[in-house]
Amino acid sequence: MSSTAYKWRRAGLLALLAIPVLAAKPATAPAPARSITYPIHAMGTYVNVTLVTSDSAASARDAEAAQQAIRLVDSLMSNWTTTSEVARINRVADSVTTTVQPLVADVIGRSLRIWRGSEHTYDITVEPLVRAWGFIGGPRRVPSDSEARAAWALVGAGDVAFDSAAGTIHFKRRGMRIDLGGIAKGYAVDQAMNVLRARGVKNALVDASGNMMSLGTPPGSEHWRIGLRDPRDAISTSAQYEQWVAKDGKRYGHIIDPRTGQPASGLLAVTVVAPDATTSDSWDTPLYVLGLEAAKAKALERADVAAILVEPGAAAEGGSGRDTVWVESVLRPRFALEPDAERFFVVRYF
């Protein structure tokens with residue numbers, strides 16, 4: 001039994017990624033009849049639980065259990081409601097030390113470890129900046145310089161006093177707030193997959209808007225085939241793939257560099273493959289913020305992530321205009337560029 005998680009950042013079709021390469025169907029089990037997908041709306045998007053089964057009644061019960069796990073994470077970690085645990089923390093933690101619900105404490109602890117390991121390019125205290133740009137709460141807009149500076153002054157995970165043993169948190173500056181949006185979808189996928197495993201499910205795919213985890217294999221194949229979207233098509237045709245705001249002919253994305261207080265730029269897309277969805281979800285943002293060379297170095301440094309990075313046009317093929325898809329070498333056996341995409345992309349390995 002094997003499983004793989006992946007996440008793309010700014011993700012029609014660019015490439016296919018075989019997940020997992022070595023996952024073979026159990027020799028003693030009969031071939032499952034079909035895949036059935038059970039969708040719900042959660043985490044601000046649609047989440048699909050796909051189960052391979054010949055017993056639709058049993059699979060419906062399994063899917064409902066997985067969906068309940070997703071809804072629980074959503075109810076605890078949403079920044080779009082006033083009733084979540086994160087909302088409660090943001091109301092009180094700048095004035096008192098408060099106890100944190102265990103699942104939320106787990107995610108905060110993981111987030112702070114990533115902050116330390118990513119040269120501070122992933123920072124859950126970026127919430128005031130994201131809100132200033134209208135990416136939380138809306139409407140989307142380019143804040144004034146004074147607004148941006150005031151929000152940026154509240155960013156800095158080093159001023160989060162988190163005691164993992166006691167399960168408590170305190171913000172050292174008034175007005176600080178946290179946003180777990182860069183990791184919560186992946187965590188929800190992992191929680192759902194844990195439920196499915198515990199219920200004996202052998203073959204499944206859970207997808208929360210590109211935060212995916214696979215288990216076993218689909219019908220009639222030795223691996224799941226995952227399509228990576230063309231980032232230029234996605235950006236130009238629909239705002240549902242990414243959040244952005246435009247002013248004076250310039251487009252600003254919602255991924256903020258916490259070191260500068262400004263939207264990050266440079267890469268078109270980042271896809272991360274990892275053993276679990278929490279890791280893949282949480283590392284796509286820092287790799288995007290780091291930029292091409294630093295992201296390649298960081299991906300190579302870490303044994304728990306493998307990356308696909310899309311670099312925009314002119315640098316590719318001596319100025320040919322094609323975007324360059326940089327694929328970490330460990331993924332070479334699993335990556336294939338679609339023939340129709342060869343006019344627009346050139347693949348390089350690192």
# chains A, B, ... in the order shown; residues from 1 in each chain; ligands from 1
>>> select_by_dssp(residues="stretch 42-268 of chain A", states="strand (DSSP E or B)", output="ChimeraX atom specification")
/A:42,45-53,98-99,160-163,168-171,204-208,211-215,224-229,244-247,250-253,256-257,262-263
>>> closest_residue(among="A:Glu328, A:Arg173, A:Gly109, A:Ile183", to="A:Glu301", atoms="only C-alpha atoms")
A:Glu328
>>> closest_residue(among="A:Gln191, A:Thr324, A:Thr260, A:Thr97", to="A:Val126", atoms="only C-alpha atoms")
A:Thr260
>>> closest_atom_pairs(of="stretch 132-220 of chain A", to="stretch 267-283 of chain A", cutoff="12 Å", atoms="only C-alpha atoms", output="Markdown table")
| residue | atom | partner | partner_atom | distance |
| --- | --- | --- | --- | --- |
| A:Leu180 | CA | A:Ser282 | CA | 9.5 |
| A:Gly181 | CA | A:Ser282 | CA | 9.2 |
| A:Gly182 | CA | A:Ser282 | CA | 5.8 |
| A:Ile183 | CA | A:Ser282 | CA | 4.8 |
| A:Ala184 | CA | A:Thr278 | CA | 7.5 |
| A:Lys185 | CA | A:Asp281 | CA | 7.2 |
| A:Gly186 | CA | A:Thr278 | CA | 4.2 |
| A:Tyr187 | CA | A:Thr278 | CA | 4.7 |
| A:Ala188 | CA | A:Thr278 | CA | 8.1 |
| A:Val189 | CA | A:Ala277 | CA | 6.3 |
| A:Asp190 | CA | A:Ala277 | CA | 5.8 |
| A:Gln191 | CA | A:Ala277 | CA | 9.4 |
| A:Ala192 | CA | A:Ala277 | CA | 10.5 |
| A:Met193 | CA | A:Ala277 | CA | 9.5 |
| A:Asn194 | CA | A:Asp276 | CA | 10.6 |
| A:Leu205 | CA | A:Ala277 | CA | 11.4 |
| A:Val206 | CA | A:Ala277 | CA | 9.7 |
| A:Asp207 | CA | A:Ala277 | CA | 9.8 |
| A:Ala208 | CA | A:Ala277 | CA | 9.9 |
| A:Ser209 | CA | A:Asp281 | CA | 10.8 |
| A:Gly210 | CA | A:Asp281 | CA | 9.1 |
| A:Asn211 | CA | A:Asp281 | CA | 6.3 |
| A:Met212 | CA | A:Ala277 | CA | 6.4 |
| A:Met213 | CA | A:Ala277 | CA | 6.0 |
| A:Ser214 | CA | A:Asp276 | CA | 9.4 |
| A:Leu215 | CA | A:Asp276 | CA | 10.8 |
>>> atom_distance(atom1="atom CA of A:Pro39", atom2="atom CA of A:Ala66")
11.0 Å
>>> atom_distance(atom1="atom CA of A:Asp257", atom2="atom CA of A:Thr121")
6.3 Å
>>> select_by_dssp(residues="stretch 81-300 of chain A", states="alpha helix (DSSP H)", output="PyMOL selection string")
chain A and resi 85-92+102-117+127-132+145-152+184-198+231-237+277-290+292-300
>>> write_last_selection(atoms="C-alpha atoms", output="PDB file, in the first residue's frame")
ATOM      1  CA  GLU A  85     -11.101  28.237  16.380  1.00  0.00           C
ATOM      2  CA  VAL A  86      -8.710  30.366  14.329  1.00  0.00           C
ATOM      3  CA  ALA A  87     -11.138  33.304  14.502  1.00  0.00           C
ATOM      4  CA  ARG A  88     -11.339  32.913  18.279  1.00  0.00           C
ATOM      5  CA  ILE A  89      -7.547  32.805  18.589  1.00  0.00           C
ATOM      6  CA  ASN A  90      -7.256  35.952  16.478  1.00  0.00           C
ATOM      7  CA  ARG A  91      -9.681  37.770  18.775  1.00  0.00           C
ATOM      8  CA  VAL A  92      -7.891  37.013  22.034  1.00  0.00           C
ATOM      9  CA  PRO A 102      -5.468  20.029  19.442  1.00  0.00           C
ATOM     10  CA  LEU A 103      -5.849  19.792  15.643  1.00  0.00           C
ATOM     11  CA  VAL A 104      -5.269  23.524  15.287  1.00  0.00           C
ATOM     12  CA  ALA A 105      -2.266  23.293  17.612  1.00  0.00           C
ATOM     13  CA  ASP A 106      -0.854  20.543  15.402  1.00  0.00           C
ATOM     14  CA  VAL A 107      -1.170  22.733  12.305  1.00  0.00           C
ATOM     15  CA  ILE A 108       0.302  25.796  14.031  1.00  0.00           C
ATOM     16  CA  GLY A 109       3.284  23.751  15.210  1.00  0.00           C
ATOM     17  CA  ARG A 110       3.884  22.413  11.705  1.00  0.00           C
ATOM     18  CA  SER A 111       3.528  25.906  10.243  1.00  0.00           C
ATOM     19  CA  LEU A 112       6.121  27.388  12.574  1.00  0.00           C
ATOM     20  CA  ARG A 113       8.567  24.609  11.692  1.00  0.00           C
ATOM     21  CA  ILE A 114       8.093  25.396   8.007  1.00  0.00           C
ATOM     22  CA  TRP A 115       8.614  29.092   8.745  1.00  0.00           C
ATOM     23  CA  ARG A 116      11.973  28.258  10.284  1.00  0.00           C
ATOM     24  CA  GLY A 117      12.929  25.893   7.442  1.00  0.00           C
ATOM     25  CA  GLU A 127      -3.040  37.519   7.627  1.00  0.00           C
ATOM     26  CA  PRO A 128      -3.186  41.334   8.133  1.00  0.00           C
ATOM     27  CA  LEU A 129      -1.456  41.844   4.772  1.00  0.00           C
ATOM     28  CA  VAL A 130      -3.660  39.353   2.959  1.00  0.00           C
ATOM     29  CA  ARG A 131      -6.698  41.103   4.463  1.00  0.00           C
ATOM     30  CA  ALA A 132      -5.361  44.543   3.493  1.00  0.00           C
ATOM     31  CA  ASP A 145       1.515  52.449   0.879  1.00  0.00           C
ATOM     32  CA  SER A 146       0.594  53.461   4.428  1.00  0.00           C
ATOM     33  CA  GLU A 147      -1.971  50.669   4.741  1.00  0.00           C
ATOM     34  CA  ALA A 148       0.498  48.105   3.425  1.00  0.00           C
ATOM     35  CA  ARG A 149       3.229  49.271   5.815  1.00  0.00           C
ATOM     36  CA  ALA A 150       0.875  49.168   8.803  1.00  0.00           C
ATOM     37  CA  ALA A 151      -0.236  45.634   7.946  1.00  0.00           C
ATOM     38  CA  TRP A 152       3.318  44.471   7.284  1.00  0.00           C
ATOM     39  CA  ALA A 184      -5.380  23.729   6.055  1.00  0.00           C
ATOM     40  CA  LYS A 185      -6.618  22.189   2.794  1.00  0.00           C
ATOM     41  CA  GLY A 186      -3.740  19.734   2.746  1.00  0.00           C
ATOM     42  CA  TYR A 187      -4.316  18.931   6.407  1.00  0.00           C
ATOM     43  CA  ALA A 188      -8.003  18.276   5.705  1.00  0.00           C
ATOM     44  CA  VAL A 189      -7.064  15.917   2.877  1.00  0.00           C
ATOM     45  CA  ASP A 190      -4.743  14.006   5.216  1.00  0.00           C
ATOM     46  CA  GLN A 191      -7.433  13.788   7.897  1.00  0.00           C
ATOM     47  CA  ALA A 192      -9.890  12.425   5.344  1.00  0.00           C
ATOM     48  CA  MET A 193      -7.378   9.888   4.068  1.00  0.00           C
ATOM     49  CA  ASN A 194      -6.611   8.767   7.624  1.00  0.00           C
ATOM     50  CA  VAL A 195     -10.309   8.049   8.097  1.00  0.00           C
ATOM     51  CA  LEU A 196     -10.483   6.095   4.835  1.00  0.00           C
ATOM     52  CA  ARG A 197      -7.467   3.978   5.768  1.00  0.00           C
ATOM     53  CA  ALA A 198      -8.919   3.262   9.197  1.00  0.00           C
ATOM     54  CA  PRO A 231      -0.780  28.275 -15.586  1.00  0.00           C
ATOM     55  CA  ARG A 232      -1.155  30.866 -18.354  1.00  0.00           C
ATOM     56  CA  ASP A 233      -4.507  29.463 -19.502  1.00  0.00           C
ATOM     57  CA  ALA A 234      -5.720  29.249 -15.934  1.00  0.00           C
ATOM     58  CA  ILE A 235      -4.733  32.820 -15.140  1.00  0.00           C
ATOM     59  CA  SER A 236      -6.110  34.286 -18.352  1.00  0.00           C
ATOM     60  CA  THR A 237      -9.435  32.472 -18.531  1.00  0.00           C
ATOM     61  CA  ALA A 277      -0.918  16.444   1.647  1.00  0.00           C
ATOM     62  CA  THR A 278      -0.038  18.713   4.566  1.00  0.00           C
ATOM     63  CA  THR A 279       3.574  18.814   3.429  1.00  0.00           C
ATOM     64  CA  SER A 280       2.730  19.321  -0.234  1.00  0.00           C
ATOM     65  CA  ASP A 281       0.217  22.093   0.547  1.00  0.00           C
ATOM     66  CA  SER A 282       2.499  23.957   2.928  1.00  0.00           C
ATOM     67  CA  TRP A 283       5.611  23.913   0.748  1.00  0.00           C
ATOM     68  CA  ASP A 284       4.186  25.222  -2.523  1.00  0.00           C
ATOM     69  CA  THR A 285       3.910  28.768  -1.128  1.00  0.00           C
ATOM     70  CA  PRO A 286       7.498  29.130   0.154  1.00  0.00           C
ATOM     71  CA  LEU A 287       8.910  27.628  -3.061  1.00  0.00           C
ATOM     72  CA  TYR A 288       6.858  30.098  -5.074  1.00  0.00           C
ATOM     73  CA  VAL A 289       8.047  33.004  -2.923  1.00  0.00           C
ATOM     74  CA  LEU A 290      11.697  31.891  -3.013  1.00  0.00           C
ATOM     75  CA  LEU A 292      13.465  29.782  -9.301  1.00  0.00           C
ATOM     76  CA  GLU A 293      17.046  29.210  -8.169  1.00  0.00           C
ATOM     77  CA  ALA A 294      16.386  29.293  -4.433  1.00  0.00           C
ATOM     78  CA  ALA A 295      13.323  27.060  -4.902  1.00  0.00           C
ATOM     79  CA  LYS A 296      15.369  24.491  -6.829  1.00  0.00           C
ATOM     80  CA  ALA A 297      18.009  24.483  -4.118  1.00  0.00           C
ATOM     81  CA  LYS A 298      15.426  24.161  -1.343  1.00  0.00           C
ATOM     82  CA  ALA A 299      13.593  21.320  -3.105  1.00  0.00           C
ATOM     83  CA  LEU A 300      16.853  19.436  -3.615  1.00  0.00           C
TER      84      LEU A 300
END
>>> closest_residue(among="A:Trp326, A:Phe345, A:Tyr252, A:Phe162", to="A:Thr98", atoms="only C-alpha atoms")
A:Phe162
>>> residues_around(residues="A:Arg61", least_positions_apart="3", cutoff="12 Å", atoms="only C-alpha atoms", output="number ranges by chain")
A: 38, 49, 51, 53, 55-58, 64-68, 195-196, 199, 201
>>> closest_residue(among="A:Met77, A:Ile255, A:Arg343, A:Phe350", to="A:Ile178", atoms="only C-alpha atoms")
A:Met77
>>> closest_atom_pairs(of="stretch 123-226 of chain A", to="stretch 334-342 of chain A", cutoff="12 Å", atoms="only C-alpha atoms", output="tab-separated table")
residue	atom	partner	partner_atom	distance
A:His223	CA	A:Arg334	CA	9.8
A:Trp224	CA	A:Arg334	CA	10.5
A:Arg225	CA	A:Arg334	CA	9.3
A:Ile226	CA	A:Phe335	CA	9.7
>>> atom_distance(atom1="atom CA of A:Ala303", atom2="atom CA of A:Ser329")
12.5 Å
